[in-house]
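Colleague: See input_37.txt below, with compact mmCIF, C-alpha atoms and all ligand atoms.
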# COMPACT_ATOMS: atom_id res chain seq x y z
CA MET A 1212 -15.43 6.33 -0.65
CA GLN A 1213 -14.01 2.80 -0.59
CA LEU A 1214 -10.61 2.79 -2.25
CA VAL A 1215 -8.04 0.15 -3.05
CA LEU A 1216 -4.56 1.39 -4.02
CA LEU A 1217 -2.80 -0.81 -6.55
CA GLY A 1218 0.70 -0.55 -7.93
CA ALA A 1219 4.12 -2.15 -7.69
CA PRO A 1220 6.23 -1.82 -4.55
CA GLY A 1221 7.57 1.73 -4.69
CA ALA A 1222 4.70 3.06 -6.81
CA GLY A 1223 3.79 5.54 -4.08
CA LYS A 1224 0.75 3.83 -2.56
CA GLY A 1225 1.86 4.73 0.97
CA THR A 1226 2.62 8.37 0.23
CA GLN A 1227 -0.46 9.03 -1.90
CA GLY A 1228 -2.52 7.00 0.56
CA GLU A 1229 -1.42 9.38 3.33
CA PHE A 1230 -2.46 12.37 1.18
CA LEU A 1231 -5.85 10.80 0.46
CA GLU A 1232 -6.34 9.91 4.12
CA LYS A 1233 -5.91 13.60 5.07
CA GLU A 1234 -7.87 15.00 2.15
CA PHE A 1235 -10.97 12.89 2.70
CA SER A 1236 -10.57 11.98 6.42
CA LEU A 1237 -10.72 8.30 5.54
CA VAL A 1238 -9.24 5.41 7.47
CA ARG A 1239 -6.12 4.06 5.76
CA ILE A 1240 -5.41 0.39 6.24
CA ALA A 1241 -1.94 -0.66 5.12
CA THR A 1242 -1.46 -4.41 5.50
CA GLY A 1243 2.34 -4.06 5.39
CA ASP A 1244 2.19 -1.64 8.38
CA LEU A 1245 -0.17 -3.97 10.27
CA LEU A 1246 2.13 -6.93 9.66
CA ARG A 1247 5.26 -4.99 10.68
CA ALA A 1248 3.47 -3.85 13.87
CA ALA A 1249 2.51 -7.47 14.65
CA MET A 1250 6.12 -8.52 14.05
CA ALA A 1251 7.47 -5.76 16.31
CA GLU A 1252 5.00 -6.72 19.06
CA GLY A 1253 5.90 -10.39 18.67
CA THR A 1254 2.30 -11.56 18.36
CA GLU A 1255 1.40 -14.99 16.95
CA LEU A 1256 0.52 -13.36 13.62
CA GLY A 1257 3.84 -11.49 13.70
CA HIS A 1258 5.78 -14.73 14.17
CA GLN A 1259 3.92 -16.40 11.34
CA ALA A 1260 4.40 -13.45 8.98
CA LYS A 1261 8.07 -12.75 9.65
CA ALA A 1262 9.67 -15.38 7.39
CA TYR A 1263 7.52 -14.35 4.43
CA VAL A 1264 7.97 -10.60 4.85
CA SER A 1265 11.75 -10.80 5.23
CA ARG A 1266 12.03 -12.83 2.01
CA GLY A 1267 9.68 -10.55 0.09
CA GLU A 1268 7.09 -13.34 -0.27
CA LEU A 1269 3.37 -12.88 0.23
CA VAL A 1270 2.06 -13.82 3.67
CA PRO A 1271 -0.59 -16.59 3.30
CA ASP A 1272 -4.01 -15.32 2.23
CA GLU A 1273 -5.93 -16.65 5.26
CA LEU A 1274 -3.79 -14.61 7.67
CA VAL A 1275 -3.92 -11.34 5.74
CA THR A 1276 -7.56 -11.62 4.71
CA GLU A 1277 -8.66 -12.20 8.32
CA LEU A 1278 -6.58 -9.22 9.42
CA VAL A 1279 -8.27 -6.96 6.87
CA LYS A 1280 -11.79 -8.26 7.52
CA ASP A 1281 -11.31 -7.71 11.25
CA ARG A 1282 -10.15 -4.17 10.66
CA LEU A 1283 -13.06 -3.47 8.27
CA GLN A 1284 -15.49 -4.51 10.97
CA ALA A 1285 -14.48 -1.55 13.15
CA PRO A 1286 -17.06 1.26 13.06
CA ASP A 1287 -14.54 3.90 11.90
CA THR A 1288 -14.50 2.27 8.44
CA THR A 1289 -18.20 2.66 7.70
CA GLN A 1290 -17.62 6.17 6.28
CA GLY A 1291 -15.09 4.71 3.85
CA PHE A 1292 -11.52 3.43 3.79
CA ILE A 1293 -8.33 3.26 1.78
CA LEU A 1294 -6.68 -0.12 1.46
CA ASP A 1295 -2.95 0.05 0.77
CA GLY A 1296 -1.17 -3.23 -0.02
CA PHE A 1297 -4.34 -5.33 -0.13
CA PRO A 1298 -5.44 -7.15 -2.25
CA ARG A 1299 -2.13 -8.57 -3.48
CA ASN A 1300 -3.62 -11.42 -5.55
CA VAL A 1301 -6.92 -12.35 -7.19
CA ALA A 1302 -8.02 -14.62 -4.30
CA GLN A 1303 -7.68 -11.68 -1.88
CA ALA A 1304 -9.55 -9.37 -4.28
CA GLN A 1305 -12.40 -11.89 -4.53
CA SER A 1306 -12.53 -12.31 -0.71
CA LEU A 1307 -12.78 -8.55 -0.32
CA GLU A 1308 -15.62 -8.27 -2.84
CA ASP A 1309 -17.46 -11.17 -1.15
CA PHE A 1310 -17.00 -9.64 2.30
CA LEU A 1311 -18.23 -6.20 1.22
CA SER A 1312 -21.21 -7.53 -0.68
CA ALA A 1313 -22.18 -9.87 2.21
CA SER A 1314 -22.14 -6.86 4.56
CA GLY A 1315 -24.07 -4.67 2.10
CA ARG A 1316 -21.24 -2.17 1.69
CA GLY A 1317 -21.02 -1.88 -2.08
CA THR A 1318 -17.83 -2.18 -4.06
CA VAL A 1319 -14.43 -0.50 -4.14
CA THR A 1320 -12.74 1.79 -6.62
CA ALA A 1321 -9.33 0.40 -7.52
CA LEU A 1322 -6.78 3.12 -8.21
CA TYR A 1323 -3.75 1.90 -10.11
CA LEU A 1324 -0.57 3.97 -9.82
CA GLU A 1325 1.47 3.22 -12.95
CA VAL A 1326 5.20 3.86 -12.53
CA ASP A 1327 8.19 3.15 -14.81
CA GLN A 1328 10.38 0.24 -13.81
CA GLU A 1329 13.59 2.26 -13.29
CA ALA A 1330 11.78 4.77 -11.08
CA LEU A 1331 10.52 1.95 -8.83
CA LEU A 1332 14.00 0.71 -7.94
CA LYS A 1333 15.22 4.23 -7.30
CA ARG A 1334 12.26 5.00 -5.06
CA LEU A 1335 12.61 1.81 -3.04
CA THR A 1336 16.35 2.06 -2.40
CA GLY A 1337 16.00 5.73 -1.31
CA ARG A 1338 12.96 5.14 0.87
CA ARG A 1339 13.22 5.86 4.61
CA VAL A 1340 10.36 5.27 7.02
CA CYS A 1341 9.42 6.31 10.52
CA PRO A 1342 9.28 3.21 12.73
CA LYS A 1343 6.93 5.00 15.14
CA CYS A 1344 4.27 6.84 13.11
CA LYS A 1345 4.90 4.99 9.78
CA ALA A 1346 5.35 8.17 7.71
CA SER A 1347 7.34 7.57 4.55
CA PHE A 1348 10.17 9.75 3.17
CA HIS A 1349 12.69 9.59 0.35
CA LEU A 1350 16.31 10.76 0.37
CA THR A 1351 15.80 12.92 -2.75
CA ASN A 1352 12.08 12.91 -3.68
CA ARG A 1353 10.62 13.62 -0.25
CA PRO A 1354 13.43 14.45 2.18
CA PRO A 1355 12.52 15.08 5.81
CA LYS A 1356 12.92 18.70 7.03
CA GLN A 1357 15.69 17.59 9.37
CA GLU A 1358 18.03 14.92 8.02
CA GLY A 1359 17.24 11.44 9.31
CA LYS A 1360 14.32 12.62 11.49
CA CYS A 1361 10.57 12.13 11.05
CA ASP A 1362 8.76 15.44 10.32
CA ALA A 1363 5.71 14.32 12.29
CA CYS A 1364 7.16 12.81 15.48
CA GLY A 1365 10.94 13.40 15.38
CA SER A 1366 11.87 9.69 15.53
CA GLN A 1367 15.01 8.45 13.80
CA LEU A 1368 14.11 7.31 10.28
CA VAL A 1369 15.10 3.80 9.19
CA GLN A 1370 15.40 1.75 6.02
CA ARG A 1371 12.95 -1.15 5.85
CA PRO A 1372 14.85 -4.46 6.07
CA ASP A 1373 13.02 -5.65 2.94
CA ASP A 1374 14.16 -2.55 0.99
CA THR A 1375 17.53 -4.10 0.13
CA GLU A 1376 18.21 -4.58 -3.57
CA GLN A 1377 17.98 -8.39 -3.53
CA VAL A 1378 14.67 -8.50 -1.65
CA ILE A 1379 13.32 -5.61 -3.74
CA ARG A 1380 13.97 -7.57 -6.96
CA HIS A 1381 12.10 -10.53 -5.53
CA ARG A 1382 9.18 -8.35 -4.37
CA LEU A 1383 8.91 -6.92 -7.90
CA GLU A 1384 8.82 -10.46 -9.34
CA VAL A 1385 6.11 -11.48 -6.86
CA TYR A 1386 4.20 -8.35 -7.81
CA ARG A 1387 4.31 -9.21 -11.52
CA ARG A 1388 3.25 -12.79 -10.97
CA GLU A 1389 0.64 -12.39 -8.22
CA THR A 1390 -0.60 -8.81 -8.11
CA GLU A 1391 -0.71 -7.71 -11.75
CA PRO A 1392 -3.64 -10.07 -12.47
CA VAL A 1393 -5.62 -8.08 -9.86
CA LEU A 1394 -5.63 -5.19 -12.37
CA ASP A 1395 -7.54 -7.36 -14.86
CA PHE A 1396 -9.88 -8.51 -12.09
CA TYR A 1397 -10.99 -4.94 -11.37
CA ALA A 1398 -10.82 -3.80 -15.02
CA ALA A 1399 -13.22 -6.59 -16.03
CA ARG A 1400 -15.67 -5.38 -13.37
CA GLY A 1401 -15.37 -1.73 -14.47
CA GLN A 1402 -13.82 -0.73 -11.12
CA LEU A 1403 -10.28 0.17 -12.25
CA LYS A 1404 -8.97 3.72 -12.59
CA ARG A 1405 -5.45 4.28 -13.90
CA VAL A 1406 -3.21 7.16 -12.85
CA ASP A 1407 0.24 8.08 -14.14
CA GLY A 1408 2.33 7.69 -10.97
CA ASN A 1409 5.55 9.19 -12.41
CA GLY A 1410 6.78 12.66 -11.53
CA ASP A 1411 6.24 15.12 -8.75
CA LEU A 1412 4.23 14.01 -5.66
CA ASP A 1413 1.80 16.96 -5.80
CA GLU A 1414 1.24 16.47 -9.51
CA ILE A 1415 0.46 12.80 -8.98
CA PHE A 1416 -1.97 13.68 -6.21
CA SER A 1417 -3.74 16.20 -8.48
CA ARG A 1418 -4.07 13.49 -11.13
CA ILE A 1419 -5.58 11.15 -8.54
CA LEU A 1420 -8.12 13.76 -7.44
CA LYS A 1421 -9.04 14.38 -11.06
CA VAL A 1422 -9.55 10.69 -11.76
CA LEU A 1423 -11.69 10.43 -8.60
CA GLY A 1424 -13.69 13.45 -9.74
CA ALA A 1425 -12.70 15.54 -6.71
CA ALA A 1426 -10.98 18.92 -6.79
CA LYS A 1427 -8.27 19.68 -4.22
CA ARG A 1428 -9.74 21.52 -1.23
P1 LIG B 1501 4.21 -3.45 1.90
O1 LIG B 1501 4.51 -2.59 3.07
O2 LIG B 1501 2.82 -3.26 1.35
O3 LIG B 1501 5.27 -3.35 0.82
O4 LIG B 1501 4.26 -4.97 2.42
C1 LIG B 1501 5.44 -5.52 2.98
C2 LIG B 1501 5.35 -7.03 2.99
O5 LIG B 1501 4.24 -7.45 3.80
C3 LIG B 1501 5.10 -7.68 1.63
O6 LIG B 1501 6.32 -7.87 0.90
C4 LIG B 1501 4.49 -9.02 2.07
O7 LIG B 1501 5.47 -9.89 2.58
C5 LIG B 1501 3.61 -8.60 3.23
N1 LIG B 1501 2.25 -8.20 2.78
C6 LIG B 1501 1.69 -6.96 2.82
N2 LIG B 1501 0.43 -6.98 2.34
C7 LIG B 1501 0.19 -8.27 2.00
C8 LIG B 1501 -0.93 -8.94 1.41
N3 LIG B 1501 -2.06 -8.28 1.09
N4 LIG B 1501 -0.83 -10.28 1.18
C9 LIG B 1501 0.28 -10.96 1.51
N5 LIG B 1501 1.39 -10.40 2.03
C10 LIG B 1501 1.34 -9.06 2.28
Re-express the file's structure as C-alpha cells.
Modeller:
Amino acid sequence: MQLVLLGAPGAGKGTQGEFLEKEFSLVRIATGDLLRAAMAEGTELGHQAKAYVSRGELVPDELVTELVKDRLQAPDTTQGFILDGFPRNVAQAQSLEDFLSASGRGTVTALYLEVDQEALLKRLTGRRVCPKCKASFHLTNRPPKQEGKCDACGSQLVQRPDDTEQVIRHRLEVYRRETEPVLDFYAARGQLKRVDGNGDLDEIFSRILKVLGAAKR
C-alpha cells in the first residue's frame, strides 16, 4: 500500500498515520519530522529549512522533494509507505508521481482527512509532541497517561514552536493556497479518497480502514 495523507494542519495526519503505520507495518515518512530532525542536528538542510518552518512557510520544493526521493529509495519502503505532510503543492505531487512511475512502483492512494475549521485551531493549540520519539498528544483529545510525559518513551512533551496562534493562522492560509489544489490533482486522476476526520480518534480510524477496504485486525 502506497498512501499519501492529505489534510490541513491539525487534521490528524500524524496521529492517524501512526495508527496506519502500526496496523499495516508500513514505513511512515513525515516530512515535518524529517525537517525538524535536520534542524535539531544543525545539518545544511536544517539551516536552510529553519527560516521557512518557523514562519509557517513551505520549504522550497527542491529541498523537500530530494529528501523524500532519497527516503523512498531505501529498501524498507518497497513493501509500501505512508507519506505524511508531502506533497504540499501540485509540483510536489507531480514529482512524486513521476518518481514512482519512473521506478515502476505504481501510484499512490491519497487519503483526505476532512476536518471543520474550528476543530483545526483547537487541535493545533492543544497539541503536544514528544521531541524524542515524535509521538503526538493532545491536552484533551489524546492526553498522555502521565501529564506532560510521552507514553512511549517518558520524555517531557513540548509544544511545537510553529503551533502558536499567529503561525498556525499563516500555516492554514498556506494550506488553502498551496495544498488544497493537490486534492483536485488526485481527484482528477481517480486516486482521492475522502474521510470525515471529525470526532473520536478510533472512529476516524475505523472510517479510514473502511475507505481503504480493510477491516481492523
Ligand atoms: P508538518 O509537521 O507537516 O506540519 O510540517 C511543519 C513544517 O515543515 C511546515 O509548516 C513547512 O514549513 C515544513 N514542511 C513540511 N512538509 C513540507 C513539504 N512537503 N513542503 C514544504 N514544506 C514542508
Colleague: Using all atoms listed in the file, determine which residues fall within 8 Å of ligand LIG 1501 (chain B), then list them as an MDAnalysis selection string.
Modeller: chainID A and resid 1220:1221 1241:1244 1246:1247 1260 1263:1272 1275:1276 1295:1300 1303 1373 1382
Colleague: Between atom CA of A:Val1369 and atom CA of A:Gly1225, what is the spacing in Å?
Modeller: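 These two atoms are separated by 15.6 Å.
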Colleague: Rank A:Asp1413, A:Asp1362, A:Asp1281, A:Asp1327 by their smallest atom-to-atom distance to A:Phe1348, using all atoms listed in the file, and report the top residue only.
Modeller: A:Asp1362
Colleague: My list of candidates is A:Ala1398, A:Gln1328, A:Gly1223, A:Leu1217. Which is closest to A:Glu1384 when distances are computed with only C-alpha atoms?
Modeller: A:Gln1328
Colleague: Determine, counting all atoms listed in the file, every residue of protein, DNA or RNA that lies within 12 Å of (1.0, -16.3, 14.5) in the file coordinates, then give the result as a CSV table (one decimal) with C-alpha atoms, in the frame of the given file.
Modeller:
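Below is the file that was written, result_9.csv:
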chain,number,residue,atom,x,y,z
A,1246,LEU,CA,2.1,-6.9,9.7
A,1249,ALA,CA,2.5,-7.5,14.6
A,1250,MET,CA,6.1,-8.5,14.0
A,1252,GLU,CA,5.0,-6.7,19.1
A,1253,GLY,CA,5.9,-10.4,18.7
A,1254,THR,CA,2.3,-11.6,18.4
A,1255,GLU,CA,1.4,-15.0,17.0
A,1256,LEU,CA,0.5,-13.4,13.6
A,1257,GLY,CA,3.8,-11.5,13.7
A,1258,HIS,CA,5.8,-14.7,14.2
A,1259,GLN,CA,3.9,-16.4,11.3
A,1260,ALA,CA,4.4,-13.4,9.0
A,1261,LYS,CA,8.1,-12.8,9.6
A,1262,ALA,CA,9.7,-15.4,7.4
A,1270,VAL,CA,2.1,-13.8,3.7
A,1271,PRO,CA,-0.6,-16.6,3.3
A,1273,GLU,CA,-5.9,-16.6,5.3
A,1274,LEU,CA,-3.8,-14.6,7.7
A,1275,VAL,CA,-3.9,-11.3,5.7
A,1278,LEU,CA,-6.6,-9.2,9.4
Colleague: What is the distance between atom CA of A:Val1215 and atom CA of A:Ser1366, in Å to one decimal?
Modeller: 28.9 Å
Colleague: Could you name the residues that touch A:Gln1357 at 12 Å or less, counting only C-alpha atoms, but leaving out those on the same chain fewer than 4 positions away, as a compact mmCIF listing (two decimals) with C-alpha atoms, keeping the file's coordinate frame?
Modeller:
# COMPACT_ATOMS: atom_id res chain seq x y z
CA PHE A 1348 10.17 9.75 3.17
CA LEU A 1350 16.31 10.76 0.37
CA ARG A 1353 10.62 13.62 -0.25
CA CYS A 1361 10.57 12.13 11.05
CA ASP A 1362 8.76 15.44 10.32
CA ALA A 1363 5.71 14.32 12.29
CA CYS A 1364 7.16 12.81 15.48
CA GLY A 1365 10.94 13.40 15.38
CA SER A 1366 11.87 9.69 15.53
CA GLN A 1367 15.01 8.45 13.80
CA LEU A 1368 14.11 7.31 10.28
Colleague: Please compute the atom CA of A:Pro1355-atom CA of A:Arg1338 distance, one decimal, in Å.
Modeller: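 Result for atom CA of A:Pro1355 versus atom CA of A:Arg1338: 11.1 Å, one decimal.
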Colleague: Within 12 Å of A:Ser1417, counting only C-alpha atoms, which residues qualify if same-chain residues fewer than 3 places away don't, as number ranges by chain?
Modeller: A: 1227, 1230-1231, 1234, 1406-1408, 1410-1414, 1420-1428
Colleague: Please save C-alpha atoms of the selected residues as a compact mmCIF listing (two decimals), in the coordinates of the input.
Modeller:
# COMPACT_ATOMS: atom_id res chain seq x y z
CA GLN A 1227 -0.46 9.03 -1.90
CA PHE A 1230 -2.46 12.37 1.18
CA LEU A 1231 -5.85 10.80 0.46
CA GLU A 1234 -7.87 15.00 2.15
CA VAL A 1406 -3.21 7.16 -12.85
CA ASP A 1407 0.24 8.08 -14.14
CA GLY A 1408 2.33 7.69 -10.97
CA GLY A 1410 6.78 12.66 -11.53
CA ASP A 1411 6.24 15.12 -8.75
CA LEU A 1412 4.23 14.01 -5.66
CA ASP A 1413 1.80 16.96 -5.80
CA GLU A 1414 1.24 16.47 -9.51
CA LEU A 1420 -8.12 13.76 -7.44
CA LYS A 1421 -9.04 14.38 -11.06
CA VAL A 1422 -9.55 10.69 -11.76
CA LEU A 1423 -11.69 10.43 -8.60
CA GLY A 1424 -13.69 13.45 -9.74
CA ALA A 1425 -12.70 15.54 -6.71
CA ALA A 1426 -10.98 18.92 -6.79
CA LYS A 1427 -8.27 19.68 -4.22
CA ARG A 1428 -9.74 21.52 -1.23
